[in-house]
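Colleague: Pasting query.cif here (mmCIF, C-alpha atoms and all ligand atoms):
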data_structure
#
loop_
_atom_site.group_PDB
_atom_site.id
_atom_site.type_symbol
_atom_site.label_atom_id
_atom_site.label_comp_id
_atom_site.auth_asym_id
_atom_site.auth_seq_id
_atom_site.Cartn_x
_atom_site.Cartn_y
_atom_site.Cartn_z
ATOM 1 C CA MET A 1 -186.446 28.053 -130.158
ATOM 2 C CA GLY A 2 -184.490 26.330 -127.344
ATOM 3 C CA ALA A 3 -186.393 24.182 -124.873
ATOM 4 C CA ARG A 4 -184.935 25.639 -121.692
ATOM 5 C CA LYS A 5 -187.175 28.365 -120.273
ATOM 6 C CA ALA A 6 -185.587 31.696 -119.436
ATOM 7 C CA ILE A 7 -186.291 34.272 -116.723
ATOM 8 C CA PHE A 8 -184.776 37.753 -116.340
ATOM 9 C CA VAL A 9 -184.867 39.290 -112.845
ATOM 10 C CA THR A 10 -184.080 42.898 -111.931
ATOM 11 C CA GLY A 11 -182.738 43.574 -108.477
ATOM 12 C CA GLY A 12 -181.221 40.107 -108.903
ATOM 13 C CA GLY A 13 -178.197 41.078 -106.817
ATOM 14 C CA SER A 14 -179.974 40.941 -103.449
ATOM 15 C CA GLY A 15 -182.956 39.850 -101.365
ATOM 16 C CA ILE A 16 -186.133 38.892 -103.184
ATOM 17 C CA GLY A 17 -184.604 39.061 -106.685
ATOM 18 C CA ARG A 18 -181.813 36.712 -105.643
ATOM 19 C CA ALA A 19 -184.278 34.247 -104.085
ATOM 20 C CA ILE A 20 -186.511 34.239 -107.176
ATOM 21 C CA ALA A 21 -183.520 33.811 -109.515
ATOM 22 C CA GLN A 22 -182.106 30.927 -107.499
ATOM 23 C CA HIS A 23 -185.479 29.186 -107.182
ATOM 24 C CA PHE A 24 -186.157 29.255 -110.925
ATOM 25 C CA GLY A 25 -182.517 28.292 -111.583
ATOM 26 C CA LYS A 26 -182.939 25.202 -109.408
ATOM 27 C CA GLN A 27 -186.013 24.267 -111.463
ATOM 28 C CA GLY A 28 -183.779 24.187 -114.554
ATOM 29 C CA TRP A 29 -184.533 27.644 -115.990
ATOM 30 C CA PHE A 30 -181.875 29.770 -117.657
ATOM 31 C CA VAL A 31 -181.523 32.854 -115.448
ATOM 32 C CA GLY A 32 -180.676 36.456 -116.322
ATOM 33 C CA LEU A 33 -179.810 38.994 -113.648
ATOM 34 C CA GLY A 34 -180.063 42.771 -114.004
ATOM 35 C CA ASP A 35 -178.899 45.107 -111.249
ATOM 36 C CA ILE A 36 -176.646 48.083 -110.567
ATOM 37 C CA ASP A 37 -174.885 45.951 -107.938
ATOM 38 C CA GLU A 38 -172.463 43.797 -109.925
ATOM 39 C CA HIS A 39 -170.924 42.135 -106.884
ATOM 40 C CA GLY A 40 -174.400 41.236 -105.622
ATOM 41 C CA MET A 41 -175.199 39.576 -108.955
ATOM 42 C CA GLU A 42 -171.973 37.519 -108.749
ATOM 43 C CA VAL A 43 -173.049 36.284 -105.318
ATOM 44 C CA THR A 44 -176.474 35.327 -106.695
ATOM 45 C CA ALA A 45 -174.832 33.559 -109.638
ATOM 46 C CA ASP A 46 -172.651 31.517 -107.242
ATOM 47 C CA GLY A 47 -175.876 30.002 -105.905
ATOM 48 C CA LEU A 48 -177.172 29.023 -109.342
ATOM 49 C CA PRO A 49 -176.697 25.448 -110.523
ATOM 50 C CA GLY A 50 -174.452 24.621 -113.444
ATOM 51 C CA GLY A 51 -173.465 28.184 -114.323
ATOM 52 C CA HIS A 52 -176.497 28.588 -116.583
ATOM 53 C CA HIS A 53 -176.931 32.274 -116.090
ATOM 54 C CA TYR A 54 -176.317 35.651 -117.636
ATOM 55 C CA ILE A 55 -175.421 38.867 -115.800
ATOM 56 C CA HIS A 56 -176.034 42.357 -117.139
ATOM 57 C CA ARG A 57 -175.417 45.624 -115.319
ATOM 58 C CA LEU A 58 -178.750 47.409 -115.681
ATOM 59 C CA ASP A 59 -180.081 50.606 -114.205
ATOM 60 C CA VAL A 60 -183.841 50.166 -114.571
ATOM 61 C CA ARG A 61 -184.284 53.951 -114.906
ATOM 62 C CA ASP A 62 -182.576 53.897 -118.314
ATOM 63 C CA ARG A 63 -184.966 52.878 -121.123
ATOM 64 C CA ALA A 64 -182.158 52.279 -123.650
ATOM 65 C CA GLU A 65 -180.243 50.055 -121.229
ATOM 66 C CA TRP A 66 -183.328 47.872 -120.894
ATOM 67 C CA ASP A 67 -183.320 47.062 -124.614
ATOM 68 C CA VAL A 68 -179.615 46.293 -124.604
ATOM 69 C CA ALA A 69 -179.971 44.037 -121.554
ATOM 70 C CA LEU A 70 -182.951 42.032 -122.812
ATOM 71 C CA ASN A 71 -181.613 41.662 -126.354
ATOM 72 C CA ALA A 72 -178.312 40.386 -124.968
ATOM 73 C CA PHE A 73 -180.100 38.025 -122.578
ATOM 74 C CA SER A 74 -182.258 36.680 -125.382
ATOM 75 C CA MET A 75 -179.127 35.920 -127.437
ATOM 76 C CA ALA A 76 -177.554 34.181 -124.434
ATOM 77 C CA SER A 77 -180.658 32.100 -123.710
ATOM 78 C CA GLY A 78 -181.018 30.779 -127.246
ATOM 79 C CA GLY A 79 -183.639 33.292 -128.377
ATOM 80 C CA ARG A 80 -186.281 33.040 -125.697
ATOM 81 C CA ILE A 81 -187.429 35.019 -122.660
ATOM 82 C CA ASP A 82 -190.421 33.487 -120.874
ATOM 83 C CA VAL A 83 -190.591 35.651 -117.752
ATOM 84 C CA VAL A 84 -189.354 39.142 -116.902
ATOM 85 C CA VAL A 85 -189.452 40.129 -113.226
ATOM 86 C CA ASN A 86 -189.625 43.847 -112.544
ATOM 87 C CA ASN A 87 -188.336 43.549 -109.002
ATOM 88 C CA ALA A 88 -185.715 46.260 -108.375
ATOM 89 C CA GLY A 89 -187.019 48.782 -105.873
ATOM 90 C CA ILE A 90 -186.004 51.030 -103.026
ATOM 91 C CA PRO A 91 -187.683 52.043 -99.792
ATOM 92 C CA ILE A 92 -188.427 55.585 -98.747
ATOM 93 C CA GLY A 93 -189.861 56.231 -95.330
ATOM 94 C CA GLY A 94 -190.830 59.293 -93.371
ATOM 95 C CA SER A 95 -193.530 61.848 -93.743
ATOM 96 C CA LEU A 96 -194.286 63.164 -97.240
ATOM 97 C CA ILE A 97 -193.982 66.664 -95.832
ATOM 98 C CA GLU A 98 -190.358 65.958 -94.956
ATOM 99 C CA ASN A 99 -189.312 63.950 -98.025
ATOM 100 C CA SER A 100 -187.036 65.984 -100.273
ATOM 101 C CA PRO A 101 -187.856 66.413 -103.995
ATOM 102 C CA GLU A 102 -184.708 64.408 -104.825
ATOM 103 C CA GLU A 103 -185.755 61.498 -102.592
ATOM 104 C CA ILE A 104 -189.249 61.476 -104.067
ATOM 105 C CA GLU A 105 -187.978 61.569 -107.644
ATOM 106 C CA ARG A 106 -185.484 58.766 -107.017
ATOM 107 C CA CYS A 107 -188.182 56.545 -105.532
ATOM 108 C CA LEU A 108 -190.621 57.229 -108.394
ATOM 109 C CA ASP A 109 -187.884 56.718 -110.975
ATOM 110 C CA ILE A 110 -186.795 53.319 -109.685
ATOM 111 C CA ASN A 111 -190.037 51.882 -108.310
ATOM 112 C CA LEU A 112 -192.441 53.111 -110.967
ATOM 113 C CA LYS A 113 -190.713 54.471 -114.075
ATOM 114 C CA GLY A 114 -188.252 51.564 -113.999
ATOM 115 C CA VAL A 115 -191.197 49.140 -114.016
ATOM 116 C CA LEU A 116 -192.912 50.972 -116.902
ATOM 117 C CA PHE A 117 -189.700 50.881 -118.934
ATOM 118 C CA GLY A 118 -189.192 47.214 -118.079
ATOM 119 C CA ALA A 119 -192.692 46.404 -119.298
ATOM 120 C CA GLN A 120 -192.125 48.248 -122.586
ATOM 121 C CA ALA A 121 -188.823 46.504 -123.206
ATOM 122 C CA ALA A 122 -190.138 43.075 -122.196
ATOM 123 C CA HIS A 123 -193.249 43.097 -124.387
ATOM 124 C CA PRO A 124 -191.721 42.045 -127.752
ATOM 125 C CA HIS A 125 -189.723 39.250 -126.104
ATOM 126 C CA LEU A 126 -192.709 37.920 -124.133
ATOM 127 C CA LYS A 127 -194.909 38.081 -127.216
ATOM 128 C CA LYS A 128 -192.482 35.770 -129.006
ATOM 129 C CA THR A 129 -192.779 33.092 -126.289
ATOM 130 C CA ALA A 130 -196.557 33.515 -125.723
ATOM 131 C CA PRO A 131 -198.873 31.960 -124.781
ATOM 132 C CA GLY A 132 -197.682 31.319 -121.247
ATOM 133 C CA SER A 133 -195.101 34.062 -120.977
ATOM 134 C CA CYS A 134 -195.351 36.420 -118.017
ATOM 135 C CA LEU A 135 -194.376 39.842 -116.754
ATOM 136 C CA LEU A 136 -194.116 39.666 -112.957
ATOM 137 C CA ASN A 137 -193.964 42.928 -111.014
ATOM 138 C CA THR A 138 -192.916 43.085 -107.376
ATOM 139 C CA ALA A 139 -195.430 45.436 -105.792
ATOM 140 C CA SER A 140 -196.002 45.234 -102.028
ATOM 141 C CA ALA A 141 -198.678 44.934 -99.394
ATOM 142 C CA ALA A 142 -198.077 48.705 -99.277
ATOM 143 C CA GLY A 143 -199.518 48.712 -102.795
ATOM 144 C CA ILE A 144 -202.846 47.396 -101.518
ATOM 145 C CA PHE A 145 -203.190 49.198 -98.191
ATOM 146 C CA GLY A 146 -202.088 52.699 -97.360
ATOM 147 C CA SER A 147 -198.866 52.834 -95.341
ATOM 148 C CA PRO A 148 -198.772 55.830 -93.013
ATOM 149 C CA GLY A 149 -195.105 56.766 -92.636
ATOM 150 C CA ALA A 150 -194.163 55.468 -96.096
ATOM 151 C CA SER A 151 -196.635 57.266 -98.335
ATOM 152 C CA VAL A 152 -194.364 57.835 -101.340
ATOM 153 C CA TYR A 153 -193.298 54.180 -101.350
ATOM 154 C CA SER A 154 -196.940 53.145 -101.018
ATOM 155 C CA ALA A 155 -197.947 55.416 -103.919
ATOM 156 C CA THR A 156 -195.356 53.801 -106.193
ATOM 157 C CA LYS A 157 -196.537 50.315 -105.258
ATOM 158 C CA PHE A 158 -200.213 51.198 -105.848
ATOM 159 C CA GLY A 159 -198.988 52.363 -109.246
ATOM 160 C CA VAL A 160 -197.255 49.046 -109.906
ATOM 161 C CA ARG A 161 -200.426 47.159 -109.041
ATOM 162 C CA GLY A 162 -202.535 49.414 -111.257
ATOM 163 C CA LEU A 163 -200.131 48.921 -114.121
ATOM 164 C CA THR A 164 -200.231 45.163 -113.573
ATOM 165 C CA GLU A 165 -204.031 44.987 -113.824
ATOM 166 C CA SER A 166 -204.130 47.313 -116.819
ATOM 167 C CA LEU A 167 -201.461 45.452 -118.770
ATOM 168 C CA ASP A 168 -202.923 42.056 -117.924
ATOM 169 C CA GLY A 169 -206.035 43.173 -119.786
ATOM 170 C CA GLU A 170 -204.135 44.944 -122.552
ATOM 171 C CA TRP A 171 -201.752 42.066 -123.286
ATOM 172 C CA HIS A 172 -204.334 39.280 -122.909
ATOM 173 C CA GLU A 173 -204.782 39.073 -126.660
ATOM 174 C CA ASP A 174 -201.005 38.723 -127.064
ATOM 175 C CA GLY A 175 -201.105 35.680 -124.744
ATOM 176 C CA ILE A 176 -198.967 37.391 -122.077
ATOM 177 C CA LYS A 177 -199.894 37.183 -118.396
ATOM 178 C CA VAL A 178 -199.095 40.126 -116.137
ATOM 179 C CA ARG A 179 -198.871 39.428 -112.419
ATOM 180 C CA SER A 180 -197.910 41.186 -109.204
ATOM 181 C CA LEU A 181 -196.392 39.967 -105.963
ATOM 182 C CA CYS A 182 -197.545 41.790 -102.842
ATOM 183 C CA PRO A 183 -195.231 40.803 -99.990
ATOM 184 C CA GLY A 184 -195.589 42.030 -96.416
ATOM 185 C CA PHE A 185 -192.386 42.418 -94.395
ATOM 186 C CA ILE A 186 -189.703 40.164 -95.888
ATOM 187 C CA GLU A 187 -186.314 39.397 -94.358
ATOM 188 C CA THR A 188 -183.972 41.148 -96.824
ATOM 189 C CA PRO A 189 -181.373 43.958 -96.678
ATOM 190 C CA LEU A 190 -184.115 46.404 -97.738
ATOM 191 C CA LEU A 191 -185.430 46.542 -94.186
ATOM 192 C CA ASP A 192 -182.114 48.069 -93.078
ATOM 193 C CA LYS A 193 -182.175 50.620 -95.889
ATOM 194 C CA THR A 194 -185.526 52.184 -94.975
ATOM 195 C CA PRO A 195 -184.870 55.663 -93.628
ATOM 196 C CA ASN A 196 -186.535 56.319 -90.269
ATOM 197 C CA HIS A 197 -187.066 52.624 -89.748
ATOM 198 C CA GLY A 198 -183.588 51.976 -88.354
ATOM 199 C CA ALA A 199 -182.092 48.518 -88.135
ATOM 200 C CA ASN A 200 -183.865 45.236 -88.762
ATOM 201 C CA GLU A 201 -184.152 44.688 -85.021
ATOM 202 C CA ALA A 202 -186.294 47.786 -84.498
ATOM 203 C CA ILE A 203 -188.639 46.732 -87.286
ATOM 204 C CA ARG A 204 -188.758 43.195 -85.946
ATOM 205 C CA ASP A 205 -189.845 44.473 -82.505
ATOM 206 C CA ARG A 206 -192.592 46.612 -84.001
ATOM 207 C CA VAL A 207 -193.804 43.866 -86.284
ATOM 208 C CA ASN A 208 -193.890 41.323 -83.441
ATOM 209 C CA ALA A 209 -195.663 43.765 -81.155
ATOM 210 C CA ALA A 210 -198.362 44.182 -83.805
ATOM 211 C CA GLY A 211 -198.818 40.387 -84.057
ATOM 212 C CA LEU A 212 -197.425 40.359 -87.592
ATOM 213 C CA GLU A 213 -194.327 38.587 -88.948
ATOM 214 C CA ILE A 214 -191.219 39.074 -91.038
ATOM 215 C CA THR A 215 -191.452 36.399 -93.699
ATOM 216 C CA PRO A 216 -188.475 34.358 -94.981
ATOM 217 C CA VAL A 217 -187.399 35.457 -98.453
ATOM 218 C CA GLU A 218 -187.738 31.903 -99.791
ATOM 219 C CA ASP A 219 -191.530 32.211 -99.396
ATOM 220 C CA VAL A 220 -191.503 35.039 -101.944
ATOM 221 C CA ALA A 221 -189.656 32.823 -104.426
ATOM 222 C CA LEU A 222 -192.302 30.098 -104.015
ATOM 223 C CA ALA A 223 -195.044 32.715 -104.459
ATOM 224 C CA ALA A 224 -193.320 33.966 -107.614
ATOM 225 C CA TRP A 225 -193.373 30.439 -109.037
ATOM 226 C CA GLU A 226 -197.097 30.155 -108.272
ATOM 227 C CA ALA A 227 -197.820 33.615 -109.681
ATOM 228 C CA VAL A 228 -196.083 32.810 -112.974
ATOM 229 C CA HIS A 229 -197.929 29.499 -113.326
ATOM 230 C CA GLY A 230 -201.316 30.453 -111.844
ATOM 231 C CA ASP A 231 -204.300 32.614 -112.668
ATOM 232 C CA LYS A 232 -204.318 35.125 -109.821
ATOM 233 C CA VAL A 233 -203.323 38.630 -110.918
ATOM 234 C CA HIS A 234 -202.071 39.660 -107.459
ATOM 235 C CA THR A 235 -200.416 37.312 -104.984
ATOM 236 C CA LEU A 236 -200.189 38.269 -101.309
ATOM 237 C CA VAL A 237 -197.070 36.909 -99.605
ATOM 238 C CA GLY A 238 -196.694 36.303 -95.861
ATOM 239 C CA LYS A 239 -198.804 36.535 -92.739
ATOM 240 C CA THR A 240 -198.444 40.322 -92.528
ATOM 241 C CA ALA A 241 -199.955 40.877 -95.977
ATOM 242 C CA ARG A 242 -202.733 38.328 -95.403
ATOM 243 C CA LYS A 243 -203.628 39.728 -91.970
ATOM 244 C CA LEU A 244 -203.774 43.279 -93.312
ATOM 245 C CA ALA A 245 -205.961 42.126 -96.193
ATOM 246 C CA PHE A 246 -208.344 40.477 -93.755
ATOM 247 C CA ALA A 247 -208.472 43.570 -91.520
ATOM 248 C CA VAL A 248 -209.065 45.952 -94.405
ATOM 249 C CA ARG A 249 -212.058 43.927 -95.567
ATOM 250 C CA TRP A 250 -213.887 44.951 -92.412
ATOM 251 C CA MET A 251 -212.751 48.561 -92.437
ATOM 252 C CA PRO A 252 -215.783 50.816 -92.996
ATOM 253 C CA GLY A 253 -215.539 53.093 -95.991
ATOM 254 C CA ARG A 254 -212.518 51.289 -97.488
ATOM 255 C CA LEU A 255 -214.265 50.425 -100.744
HETATM 256 P P1 LIG A 301 -182.975 44.665 -101.612
HETATM 257 O O1 LIG A 301 -182.545 46.008 -101.196
HETATM 258 O O2 LIG A 301 -182.458 43.484 -100.893
HETATM 259 O O3 LIG A 301 -182.726 44.459 -103.194
HETATM 260 C C1 LIG A 301 -183.056 45.438 -104.130
HETATM 261 C C2 LIG A 301 -182.111 45.326 -105.314
HETATM 262 O O4 LIG A 301 -182.497 46.296 -106.290
HETATM 263 C C3 LIG A 301 -180.655 45.590 -104.947
HETATM 264 O O5 LIG A 301 -179.819 44.566 -105.417
HETATM 265 C C4 LIG A 301 -180.358 46.912 -105.639
HETATM 266 O O6 LIG A 301 -179.007 47.055 -106.064
HETATM 267 C C5 LIG A 301 -181.308 46.848 -106.823
HETATM 268 N N1 LIG A 301 -181.543 48.168 -107.403
HETATM 269 C C6 LIG A 301 -181.777 49.337 -106.748
HETATM 270 N N2 LIG A 301 -181.866 50.347 -107.612
HETATM 271 C C7 LIG A 301 -181.713 49.809 -108.853
HETATM 272 C C8 LIG A 301 -181.716 50.349 -110.172
HETATM 273 N N3 LIG A 301 -181.877 51.674 -110.383
HETATM 274 N N4 LIG A 301 -181.541 49.513 -111.211
HETATM 275 C C9 LIG A 301 -181.355 48.190 -110.997
HETATM 276 N N5 LIG A 301 -181.329 47.623 -109.791
HETATM 277 C C10 LIG A 301 -181.511 48.434 -108.718
HETATM 278 O O7 LIG A 301 -184.578 44.701 -101.514
HETATM 279 P P2 LIG A 301 -185.690 43.532 -101.573
HETATM 280 O O8 LIG A 301 -186.302 43.464 -100.240
HETATM 281 O O9 LIG A 301 -185.146 42.314 -102.213
HETATM 282 O O10 LIG A 301 -186.742 44.259 -102.518
HETATM 283 C C11 LIG A 301 -187.041 43.814 -103.821
HETATM 284 C C12 LIG A 301 -188.409 44.351 -104.201
HETATM 285 O O11 LIG A 301 -189.374 43.879 -103.261
HETATM 286 C C13 LIG A 301 -188.514 45.882 -104.155
HETATM 287 O O12 LIG A 301 -189.292 46.324 -105.254
HETATM 288 C C14 LIG A 301 -189.244 46.146 -102.845
HETATM 289 O O13 LIG A 301 -189.939 47.357 -102.859
HETATM 290 C C15 LIG A 301 -190.164 44.944 -102.794
HETATM 291 N N6 LIG A 301 -190.667 44.602 -101.464
HETATM 292 C C16 LIG A 301 -189.832 44.313 -100.428
HETATM 293 C C17 LIG A 301 -190.358 44.005 -99.175
HETATM 294 C C18 LIG A 301 -189.480 43.692 -97.989
HETATM 295 O O14 LIG A 301 -190.003 43.681 -96.855
HETATM 296 N N7 LIG A 301 -188.208 43.409 -98.163
HETATM 297 C C19 LIG A 301 -191.749 43.978 -98.997
HETATM 298 C C20 LIG A 301 -192.566 44.272 -100.079
HETATM 299 C C21 LIG A 301 -192.039 44.576 -101.320
#
How does the structure come out when it is put into structure tokens?
Ligand code: NAD

Modeller:
Amino acid sequence: MGARKAIFVTGGGSGIGRAIAQHFGKQGWFVGLGDIDEHGMEVTADGLPGGHHYIHRLDVRDRAEWDVALNAFSMASGGRIDVVVNNAGIPIGGSLIENSPEEIERCLDINLKGVLFGAQAAHPHLKKTAPGSCLLNTASAAGIFGSPGASVYSATKFGVRGLTESLDGEWHEDGIKVRSLCPGFIETPLLDKTPNHGANEAIRDRVNAAGLEITPVEDVALAAWEAVHGDKVHTLVGKTARKLAFAVRWMPGRL
């Protein structure tokens, strides 16, 4: 098995996925990108050193596509996959009462079913490189604390965190770590895509007014590196997530 470690990142064509891919690439890892946005993946690849990367169009909702993508990546990387990052996700805001069935299904399909399928497809590859291999799931601070105004999104991210804890126990004997990242507000294009939230500027004003912060995306990449190499199952990222965690500790009836 080749010496160079290999990481496959979904949602690698934008935001957090791009930052994680580029950070690991700079540390000498062979990088695989999976996304429905092929142009976005090309842009990410331009920022990777030495052209040591592999791009695969992948819709995380398609279980069969997952197998094709990871098998092809494994061939390209010399037979090893050390880390798979289930990061692709979409926002959905607004009141549950107003969310359409189609919107709800799309959010569940990408944010939750896509992560379940990714975990299934990743398992045999990660088992081969264990011990030390890792499945890293991008959850959210909204997966730890309820998010009034984004309840469907929050429900999917609670699901991702629950899956992470369950699989970490289940796969322990296979030598595979399962980790989650729980970022607060991060400066990525996702903030603009959240319905009812409006443009980045409007979010920024609200976040500042609440004494919170929008965290640079590079901080998530550093947290991903720590999560893959450390022992913590869930990693909070950014002041917003940490402040909320602190506040919730003192909230009566929370636990
Ligand atoms: P982004 O919109 O910048 O990137 C998301 C990427 O996922 C895009 O490239 C998109 O094409 C891809 N994608 C969407 N649907 C897909 C599908 N079906 N198959 C494959 N790829 C698909 O968003 P981001 O901010 O980088 O978010 C990445 C992850 O981080 C998401 O899971 C999001 O929920 C989570 N997150 C983001 C924030 C934030 O404030 N930005 C905070 C907490 C958690």

Colleague: Can you check which parts of chain A lie within 7 Å of ligand LIG 301 (chain A)? Per residue, the shortest pair of atoms and distance in Å to one decimal, counting only C-alpha atoms and all ligand atoms, sorted by chain and number, as a tab-separated table.

Modeller:
residue	atom	partner	partner_atom	distance
A:Thr10	CA	A:LIG301	N5	5.9
A:Gly11	CA	A:LIG301	O4	3.5
A:Gly12	CA	A:LIG301	O5	5.8
A:Gly13	CA	A:LIG301	O5	4.1
A:Ser14	CA	A:LIG301	O5	4.1
A:Gly15	CA	A:LIG301	O9	3.4
A:Ile16	CA	A:LIG301	O9	3.7
A:Gly17	CA	A:LIG301	O9	5.6
A:Gly34	CA	A:LIG301	C9	6.3
A:Asp35	CA	A:LIG301	N5	3.8
A:Ile36	CA	A:LIG301	C9	4.7
A:Asp37	CA	A:LIG301	O6	4.7
A:Gly40	CA	A:LIG301	O5	6.4
A:Leu58	CA	A:LIG301	C9	5.4
A:Asp59	CA	A:LIG301	N4	3.5
A:Val60	CA	A:LIG301	N4	4.1
A:Arg61	CA	A:LIG301	N3	5.6
A:Asn87	CA	A:LIG301	O12	4.8
A:Ala88	CA	A:LIG301	O4	3.8
A:Gly89	CA	A:LIG301	O12	3.4
A:Ile90	CA	A:LIG301	O13	5.4
A:Pro91	CA	A:LIG301	O13	6.0
A:Ile110	CA	A:LIG301	N3	5.2
A:Asn111	CA	A:LIG301	O12	6.4
A:Thr138	CA	A:LIG301	O12	5.3
A:Ala139	CA	A:LIG301	C21	5.7
A:Ser140	CA	A:LIG301	C20	4.1
A:Ala141	CA	A:LIG301	C20	6.2
A:Cys182	CA	A:LIG301	C20	6.2
A:Pro183	CA	A:LIG301	C20	4.4
A:Gly184	CA	A:LIG301	C19	5.0
A:Phe185	CA	A:LIG301	O14	3.7
A:Ile186	CA	A:LIG301	O14	3.7
A:Glu187	CA	A:LIG301	N7	5.8
A:Thr188	CA	A:LIG301	O8	4.7
A:Pro189	CA	A:LIG301	O2	4.4
A:Leu190	CA	A:LIG301	O1	3.8
A:Leu191	CA	A:LIG301	N7	5.8

Colleague: Could you state which residues are captured by the PyMOL selection byres (((chain A and resi 122) around 10) and not hetatm) in this file, as a PyMOL selection string?

Modeller: chain A and resi 8+66-67+70-71+81-86+116-121+123-127+134-135

Colleague: For the selection you just gave me, I'd like the residues written to a file as a compact mmCIF listing (two decimals), in the frame of the given file, keeping C-alpha atoms.

Modeller:
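Done, and the output landed in part_12.txt:
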# COMPACT_ATOMS: atom_id res chain seq x y z
CA PHE A 8 -184.78 37.75 -116.34
CA TRP A 66 -183.33 47.87 -120.89
CA ASP A 67 -183.32 47.06 -124.61
CA LEU A 70 -182.95 42.03 -122.81
CA ASN A 71 -181.61 41.66 -126.35
CA ILE A 81 -187.43 35.02 -122.66
CA ASP A 82 -190.42 33.49 -120.87
CA VAL A 83 -190.59 35.65 -117.75
CA VAL A 84 -189.35 39.14 -116.90
CA VAL A 85 -189.45 40.13 -113.23
CA ASN A 86 -189.62 43.85 -112.54
CA LEU A 116 -192.91 50.97 -116.90
CA PHE A 117 -189.70 50.88 -118.93
CA GLY A 118 -189.19 47.21 -118.08
CA ALA A 119 -192.69 46.40 -119.30
CA GLN A 120 -192.12 48.25 -122.59
CA ALA A 121 -188.82 46.50 -123.21
CA HIS A 123 -193.25 43.10 -124.39
CA PRO A 124 -191.72 42.04 -127.75
CA HIS A 125 -189.72 39.25 -126.10
CA LEU A 126 -192.71 37.92 -124.13
CA LYS A 127 -194.91 38.08 -127.22
CA CYS A 134 -195.35 36.42 -118.02
CA LEU A 135 -194.38 39.84 -116.75

Colleague: Point out the residue among A:Val31, A:Ala64, A:Ile203, A:Ile97 with the least atom-to-atom distance to Pro49 in chain A, counting only C-alpha atoms.

Modeller: A:Val31

Colleague: Expressed in Å to a single decimal, how great is the separation between CA of Cys107 in chain A and CA of Tyr153 in chain A?

Modeller: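 Computing the Euclidean distance for CA of Cys107 in chain A and CA of Tyr153 in chain A yields 7.0 Å.
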
Colleague: What does the distance between CA of Pro148 in chain A and CA of Ala241 in chain A come to in Å, to one decimal place?

Modeller: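 Interatomic distance here is 15.3 Å.
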
Colleague: Would you please work out which residue, of A:Gly25, A:Gly211, A:Arg18, A:Ile176, is nearest to Glu42 in chain A when using only C-alpha atoms?

Modeller: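 When distances to Glu42 in chain A are compared using only C-alpha atoms, the smallest one comes from A:Arg18.
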
Colleague: Expanded to explicit residues, what is the PyMOL selection byres (((chain A and resi 226) around 12) and not hetatm) for this file, as a PDB file with C-alpha atoms, in the coordinates of the input?

Modeller:
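The result, written out as selection.pdb:
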ATOM      1  CA  ILE A  20    -186.511  34.239-107.176  1.00  0.00           C
ATOM      2  CA  HIS A  23    -185.479  29.186-107.182  1.00  0.00           C
ATOM      3  CA  PHE A  24    -186.157  29.255-110.925  1.00  0.00           C
ATOM      4  CA  CYS A 134    -195.351  36.420-118.017  1.00  0.00           C
ATOM      5  CA  LEU A 136    -194.116  39.666-112.957  1.00  0.00           C
ATOM      6  CA  ARG A 179    -198.871  39.428-112.419  1.00  0.00           C
ATOM      7  CA  SER A 180    -197.910  41.186-109.204  1.00  0.00           C
ATOM      8  CA  LEU A 181    -196.392  39.967-105.963  1.00  0.00           C
ATOM      9  CA  ASP A 219    -191.530  32.211 -99.396  1.00  0.00           C
ATOM     10  CA  VAL A 220    -191.503  35.039-101.944  1.00  0.00           C
ATOM     11  CA  ALA A 221    -189.656  32.823-104.426  1.00  0.00           C
ATOM     12  CA  LEU A 222    -192.302  30.098-104.015  1.00  0.00           C
ATOM     13  CA  ALA A 223    -195.044  32.715-104.459  1.00  0.00           C
ATOM     14  CA  ALA A 224    -193.320  33.966-107.614  1.00  0.00           C
ATOM     15  CA  TRP A 225    -193.373  30.439-109.037  1.00  0.00           C
ATOM     16  CA  ALA A 227    -197.820  33.615-109.681  1.00  0.00           C
ATOM     17  CA  VAL A 228    -196.083  32.810-112.974  1.00  0.00           C
ATOM     18  CA  HIS A 229    -197.929  29.499-113.326  1.00  0.00           C
ATOM     19  CA  GLY A 230    -201.316  30.453-111.844  1.00  0.00           C
ATOM     20  CA  ASP A 231    -204.300  32.614-112.668  1.00  0.00           C
ATOM     21  CA  LYS A 232    -204.318  35.125-109.821  1.00  0.00           C
ATOM     22  CA  VAL A 233    -203.323  38.630-110.918  1.00  0.00           C
ATOM     23  CA  HIS A 234    -202.071  39.660-107.459  1.00  0.00           C
ATOM     24  CA  THR A 235    -200.416  37.312-104.984  1.00  0.00           C
ATOM     25  CA  LEU A 236    -200.189  38.269-101.309  1.00  0.00           C
ATOM     26  CA  VAL A 237    -197.070  36.909 -99.605  1.00  0.00           C
TER      27      VAL A 237
END

Colleague: Could you tell me which of A:Val207, A:Leu108, A:Leu96, A:Ile7 comes closest to His53 in chain A if we count only C-alpha atoms?

Modeller: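 Distance minimum relative to His53 in chain A lands on A:Ile7.
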
Colleague: Which distance in Å separates CA of His39 in chain A and CA of Thr215 in chain A, to one decimal?

Modeller: 25.1 Å

Colleague: Written as a CSV table (one decimal) with C-alpha atoms, in the coordinates of the input, which residues does the PyMOL selection byres (((chain A and resi 76) around 10) and not hetatm) give for the file shown?

Modeller:
chain,number,residue,atom,x,y,z
A,6,ALA,CA,-185.6,31.7,-119.4
A,30,PHE,CA,-181.9,29.8,-117.7
A,31,VAL,CA,-181.5,32.9,-115.4
A,32,GLY,CA,-180.7,36.5,-116.3
A,52,HIS,CA,-176.5,28.6,-116.6
A,53,HIS,CA,-176.9,32.3,-116.1
A,54,TYR,CA,-176.3,35.7,-117.6
A,70,LEU,CA,-183.0,42.0,-122.8
A,71,ASN,CA,-181.6,41.7,-126.4
A,72,ALA,CA,-178.3,40.4,-125.0
A,73,PHE,CA,-180.1,38.0,-122.6
A,74,SER,CA,-182.3,36.7,-125.4
A,75,MET,CA,-179.1,35.9,-127.4
A,77,SER,CA,-180.7,32.1,-123.7
A,78,GLY,CA,-181.0,30.8,-127.2
A,79,GLY,CA,-183.6,33.3,-128.4
A,80,ARG,CA,-186.3,33.0,-125.7
